[in-house]
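Enquirer: My questions all concern the structure below.
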Amino acid sequence: MRRVVKVWMALGAAALVASIGGLLAVREMRQAGTGADAPLARVPGPHGTYTPVSAFQPRVPQGARVDHFTLTAEYRTLTLGGEPVRAMTFNGTAPGPLLVAHQGDVMEVTVHNRLSIPLTIHWHGIPVPGAEDGVPGVTQNPIPPGGSYTYEFVATEAGTYWYHSHEASFEEVGLGLYGAIVILPKHALYPADRDYTLVLHEWPNASTAKAMMANLASGARDAGSNGGMMSEGMMNGAGTMGGMGMMGSAAQNSEGASGAMQHVLPGPPLRTGTFAPTADDYAALDEMAGMYGTFTVNQNADGTTVLPAKPGDLVRLRIVNSGNMTHLLTLVGAPFRVVALDGHDIANPGWLKNVLLPVGAAERYDVEFRVPPSGAAYLVCADPDATARQELRAAIGEPGAWASFPGISAAAIAREPWFDFTDYGRGRLPGETVFRLNQAYQVRYNMKLTVGMSMNGMVYAINGRVFPNIPPIIVHTGDAVLVHIVNDSPYIHPMHLHGHDFQVLTRDGRPVQGSPIFLDTLNVFPGESYDIAFRADNPGLWMFHCHDLEHAASGMDVMVQYAGVTDPYPMNEMSE
C-alpha cells in the first residue's frame with residue numbers, strides 16, 4: 001500500500017509544477033449553467049419561507065464589551081530557517097497577531113486587503129452567525145484588492161481557535177494568511193501560571209511556492225496540487241438560479257464530466273477493534289512531505305524556540321496546526337495532560353507520559369504540565385520527515401534550556417504509542433449535553449471518503465462524487481444529525497464542519513469510552529470509521545470539508561444547508 005501511495009504522490013507532484021495554462025479555463029467554466037444536482041437545493045423553510053444567509057447577523061448583548069482588532073493583509077519577505085520567503089501576512093507576520101478576547105465579548109475585526117488578490121477570513125471553530133463565516137460566494141463577496149471588510153460576532157465559547165483566509169485557501173493559507181485566537185473563559189476549569197500559543201505550519205518548497213503564486217496570479221482559485229482544480233477537478237460549473245446560487249450544469253454533473261471519478265485508488269481494509277497506528281498511517285503521514293521545505297513554530301524554523309517558565313510553574317500550551325499535514329508531538333521531561341481539544345474542555349483528563357499526540361490539520365490541542373525541577377520540558381516532533389523533527393519543537397523553561405536537552409533518539413520517540421482520545425478522561429462536565437448512538441435522529445448521513453482519478457487528474461470524493469456535484473445535507477433548525485464517516489482511501493482526511501461542533505460517538509464501531517469528546521475537525525486516518533452527531537442550532541449555509549486544503553480544492557466538500565436558507569451571492573466566487 002505504501003508503494004501505491006508514493007506513486008500517486010509522484011503524480012501529484014508532477015501536476016503541481018506542470019503548466020497552468022488550463023487554469024483560466026477552469027475559472028471560465030465556473031460561470032456556466034445551473035442544475036438541480038448542485039451544492040445547494042431549493043428546499044423551503046418553515047411555512048414555505050426563504051431567507052438569505054446574509055440575514056443571520058450577530059445578536060449583540062446590550063452593554064457588551066467590544067474588542068476591536070485590525071488585520072492588514074500584505075506581502076512581506078520573511079526569513080524562515082535562514083532563507084527568504086515571499087509570504088502573504090496579516091500585520092506583517094505569519095502567523096498573524098494572536099487575537100485574545102474574553103468569553104461574552106463582541107469581537108469586531110476590520111480587515112484591510114493590501115494584496116493583489118481577493119481574500120476572506122474564516123473563524124475556524126467559532127460558531128459565528130451565518131453571515132460572518134467568511135466563505136466567498138456563500139456568506140459574503142470576497143474582499144477585493146484595496147478593499148476593507150469588518151466582521152462582528154460574539155465570543156460565546158471559550159477556547160483555542162484560529163483564523164485563516166477562505167479564498168484560494170490552499171495557496172493563501174499555505175503562503176501565510178493565518179493566525180490564532182484565544183477566547184478566555186469567565187471561569188477557568190484548568191487555570192495555569194503560564195499560557196502560550198504555538199502555531200505549527202509547513203511552508204512550500206521553491207517549486208511548490210512558484211506554482212502556488214502562479215495559480216493566484218492567473219486568477220484560478222484553489223488549484224490544489226494533485227491535478228484537482230488544476231485540471232478541472234473541483235469547480236467545474238457555476239452560476240445562479242433564482243437567487244439560490246445553484247452550481248453545476250446538468251452536463252457537468254453527468255458521469256462523463258471531467259471531474260467524475262473514473263478510477264478509485266483502493267484504501268486499506270476498514271478497521272475494527274482497538275486503536276493502534278498502522279503502516280498505512282505512517283505512510284499517510286508522509287504523503288505531502290515532498291511539497292514542503294520548512295516547518296515553523298510560530299515564525300521560527302530554527303527549532304530553538306524557548307518559552308520562559310520557572311520550575312514548578314503550571315503551563316498551558318495551546319497547539320494550533322495551521323498546515324495540511326498531521327504532526328506527531330510529545331512532551332519530554334514532564335508528564336502532561338490534554339485539557340482541551342478544538343477549544344472544548346475534557347472532563348477529568350488523565351496524566352500522560354511517553355505518548356504521541358497526532359495533531360491533525362486545523363486541530364487544536366491544549367496541553368498542561370508542570371515545569372520540572374530540572375528547569376525545562378521539551379515539546380518535540382516524531383514525524384517521519386527529518387526536517388519536521390528538527391524544526392517543530394520548543395523548550396519551556398529557563399533561558400538556555402536547549403543546552404540541557406537530554407539526548408533522546410528520534411527512533412525511540414517514534415515508537416511511543418499514540419494518544420487515543422476515544423478512551424481518555426472520565427465523566428462529563430457540569431451541564432454538558434450529550435448525544436447517544438441509539439437516540440432518535442432527524443437526519444442521518446453516510447459519508448464515504450475516496451480518492452481517484454478523473455479525466456484531468458486526481459480528485460477527492462464524498463460518496464463517489466466531487467464538489468460541486470455533491471447534493472447538500474439538508475437540515476431543519478433543531479434537528480439532531482448523525483453522520484457516519486468511512487475513510488476508504490490511503491490518505492488522512494481532517495473533516496471540518498463550519499458553524500458547529502460535533503460529538504464523537506464511535507470509532508471503528510466501538511463507542512467512545514472516556515469523557516465526551518466535542519470537535520469541529522476530525523482527523524480520519526486510512527481505514528477508520530466514525531459516528532459523529534451535532535445539533536442543527538445555527539441556521540445558515542455551512543461547508544463540511546476536508547481541511548487538507550489540497551483535498552478540499554480537488555473536491556472533498558459538501559454543504560450543510562438549513563431548509564429555506566438561500567445564497568444571495570454569486571457562487572462562481574465560491575472558493576475553498
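Within each chain, counting starts at residue 1; across the C-alpha cells, chains are named A, B, ... in the order shown, with ligands numbered 1 upward in that order.
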As a PyMOL selection string, please: all residues of region 503-573 of chain A that backbone DSSP puts in strand (DSSP E or B).

Expert: chain A and resi 503-507+510-511+517-519+521-524+529-535+541-546+557-562+565-566

Enquirer: Would you give me, as a Markdown table, each residue of region 368-481 of chain A having an atom within 10 Å of an atom of region 493-500 of chain A, along with its shortest atom pair and that distance in Å to one decimal, using only C-alpha atoms and sorting by chain and residue number?

Expert:
```
| residue | atom | partner | partner_atom | distance |
| --- | --- | --- | --- | --- |
| A:Leu449 | CA | A:His493 | CA | 8.1 |
| A:Thr450 | CA | A:His493 | CA | 9.8 |
| A:Tyr460 | CA | A:His493 | CA | 9.8 |
```

Enquirer: Given only C-alpha atoms, how would the per-residue table for region 54-137 of chain A near region 280-294 of chain A read, listing every residue at most 12 Å away with its closest atom pair and distance in Å to one decimal, sorted by chain and number, as a tab-separated table?

Expert:
```
residue	atom	partner	partner_atom	distance
A:Thr79	CA	A:Thr294	CA	10.8
A:Leu80	CA	A:Thr294	CA	7.3
A:Gly81	CA	A:Thr294	CA	7.0
A:Gly82	CA	A:Thr294	CA	10.1
A:Glu83	CA	A:Thr294	CA	9.4
A:Pro84	CA	A:Thr294	CA	11.2
A:Val85	CA	A:Thr294	CA	10.0
```

Enquirer: Atoms to include: N, CA and C atoms. Write the selected residues as a PDB file, in the first residue's frame.

Expert:
```
ATOM      1  N   THR A  79      12.177  35.736   6.785  1.00  0.00           N
ATOM      2  CA  THR A  79      13.340  34.860   6.839  1.00  0.00           C
ATOM      3  C   THR A  79      12.982  33.658   7.694  1.00  0.00           C
ATOM      4  N   LEU A  80      12.906  32.503   7.068  1.00  0.00           N
ATOM      5  CA  LEU A  80      12.495  31.275   7.739  1.00  0.00           C
ATOM      6  C   LEU A  80      13.594  30.235   7.544  1.00  0.00           C
ATOM      7  N   GLY A  81      14.179  29.798   8.631  1.00  0.00           N
ATOM      8  CA  GLY A  81      15.262  28.831   8.521  1.00  0.00           C
ATOM      9  C   GLY A  81      16.450  29.376   7.766  1.00  0.00           C
ATOM     10  N   GLY A  82      16.672  30.682   7.853  1.00  0.00           N
ATOM     11  CA  GLY A  82      17.796  31.319   7.181  1.00  0.00           C
ATOM     12  C   GLY A  82      17.565  31.647   5.726  1.00  0.00           C
ATOM     13  N   GLU A  83      16.377  31.331   5.198  1.00  0.00           N
ATOM     14  CA  GLU A  83      16.079  31.570   3.791  1.00  0.00           C
ATOM     15  C   GLU A  83      14.967  32.606   3.645  1.00  0.00           C
ATOM     16  N   PRO A  84      15.071  33.520   2.670  1.00  0.00           N
ATOM     17  CA  PRO A  84      13.987  34.478   2.446  1.00  0.00           C
ATOM     18  C   PRO A  84      12.786  33.791   1.788  1.00  0.00           C
ATOM     19  N   VAL A  85      11.591  34.083   2.286  1.00  0.00           N
ATOM     20  CA  VAL A  85      10.357  33.506   1.761  1.00  0.00           C
ATOM     21  C   VAL A  85       9.391  34.637   1.463  1.00  0.00           C
TER      22      VAL A  85
END
```

Enquirer: I'd like to know which residues of region 256-335 of chain A are alpha helix (DSSP H) (by DSSP, run on the backbone); could you write them as a PyMOL selection string?

Expert: chain A and resi 279-285

Enquirer: Rank nothing, just name the residue among A:Ile492, A:Asp557, A:Leu307, A:Gly425 nearest to Gln513 (chain A), using only C-alpha atoms.

Expert: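 Distance minimum relative to Gln513 (chain A) lands on A:Gly425.
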
Enquirer: Could I get the residues of region 402-456 of chain A with an atom no further than 9 Å from an atom of region 362-380 of chain A, each paired with its nearest atom pair and that distance in Å to one decimal, using only C-alpha atoms, sorted by chain and residue number, as JSON lines?

Expert:
```
{"residue": "A:Trp402", "atom": "CA", "partner": "A:Tyr378", "partner_atom": "CA", "distance": 8.6}
{"residue": "A:Ser404", "atom": "CA", "partner": "A:Ala376", "partner_atom": "CA", "distance": 8.3}
{"residue": "A:Phe405", "atom": "CA", "partner": "A:Tyr378", "partner_atom": "CA", "distance": 7.7}
{"residue": "A:Ile413", "atom": "CA", "partner": "A:Val380", "partner_atom": "CA", "distance": 8.9}
```

Enquirer: What does the file look like for those residues with C-alpha atoms, as a PDB file, in the first residue's frame?

Expert:
```pdb
ATOM      1  CA  TRP A 402      18.216  23.668  24.773  1.00  0.00           C
ATOM      2  CA  SER A 404      20.316  20.926  28.704  1.00  0.00           C
ATOM      3  CA  PHE A 405      18.147  18.941  26.278  1.00  0.00           C
ATOM      4  CA  ILE A 413      10.262   8.647  20.455  1.00  0.00           C
TER       5      ILE A 413
END
```

Enquirer: Contacts of Leu99 (chain A) at 8 Å or less, counting only C-alpha atoms, minus same-chain residues fewer than 3 places along, as a CSV table (one decimal) with N, CA and C atoms, in the first residue's frame?

Expert:
```csv
chain,number,residue,atom,x,y,z
A,69,PHE,N,-10.2,44.8,16.6
A,69,PHE,CA,-8.9,44.3,16.0
A,69,PHE,C,-8.8,44.7,14.6
A,180,ALA,N,-3.9,32.7,15.2
A,180,ALA,CA,-4.6,32.0,16.3
A,180,ALA,C,-5.5,33.0,17.1
A,181,ILE,N,-6.5,32.4,17.7
A,181,ILE,CA,-7.5,33.1,18.5
A,181,ILE,C,-7.6,32.4,19.9
A,182,VAL,N,-7.6,33.1,21.0
A,182,VAL,CA,-7.8,32.6,22.3
A,182,VAL,C,-9.0,33.4,22.9
```

Enquirer: Go through A:Trp203, A:Tyr491, A:Tyr50, A:Tyr163 and flag the residue nearest His124 (chain A), using only C-alpha atoms for the distances.

Expert: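 Between A:Trp203, A:Tyr491, A:Tyr50, A:Tyr163, the residue approaching His124 (chain A) most closely is A:Tyr163.
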
Enquirer: Restricting the calculation to only C-alpha atoms: of A:Pro191, A:Pro430, A:Gly104, A:Pro526, which residue gets closest to Asp67 (chain A)?

Expert: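 Among A:Pro191, A:Pro430, A:Gly104, A:Pro526, it is A:Gly104 that comes nearest to Asp67 (chain A).
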
Enquirer: Excluding Ala158 (chain A) and its own-chain neighbours fewer than 4 positions away, which residues fall within 8 Å of it when counting only C-alpha atoms? Please give them as JSON, numbers by chain.

Expert: {"A": [102, 103, 182, 183, 184, 185, 343, 344]}

Enquirer: Next, dump the selected residues to file, keeping only C-alpha atoms, as a tab-separated table (two decimals), in the first residue's frame.

Expert:
```
chain	number	residue	atom	x	y	z
A	102	HIS	CA	-12.92	37.19	26.90
A	103	GLN	CA	-15.96	34.95	26.76
A	182	VAL	CA	-7.80	32.59	22.28
A	183	ILE	CA	-11.12	33.22	24.00
A	184	LEU	CA	-10.56	33.24	27.75
A	185	PRO	CA	-13.28	31.68	29.91
A	343	GLY	CA	-11.36	24.51	22.23
A	344	HIS	CA	-13.55	22.15	24.28
```

Enquirer: Hey, which of A:Gln57, A:His187, A:Gln262, A:Pro44 ends up closest to Gly464 (chain A)? Count only C-alpha atoms.

Expert: A:Gln262

Enquirer: Asp342 (chain A): which residues within 10 Å, counting only C-alpha atoms, same-chain residues fewer than 3 positions away excluded, as a list in words?

Expert: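 In the requested form, the answer reads His124, Gly125, Ile126, Gly159, Thr160, Tyr161, Trp162, Arg318, Ile319, Val320, Asp345, Ala362, Glu363, Arg364, Tyr365, Asp366, Asp501, Ile517, Phe518, Leu519, Asp520, Thr521 and Leu522 of chain A.
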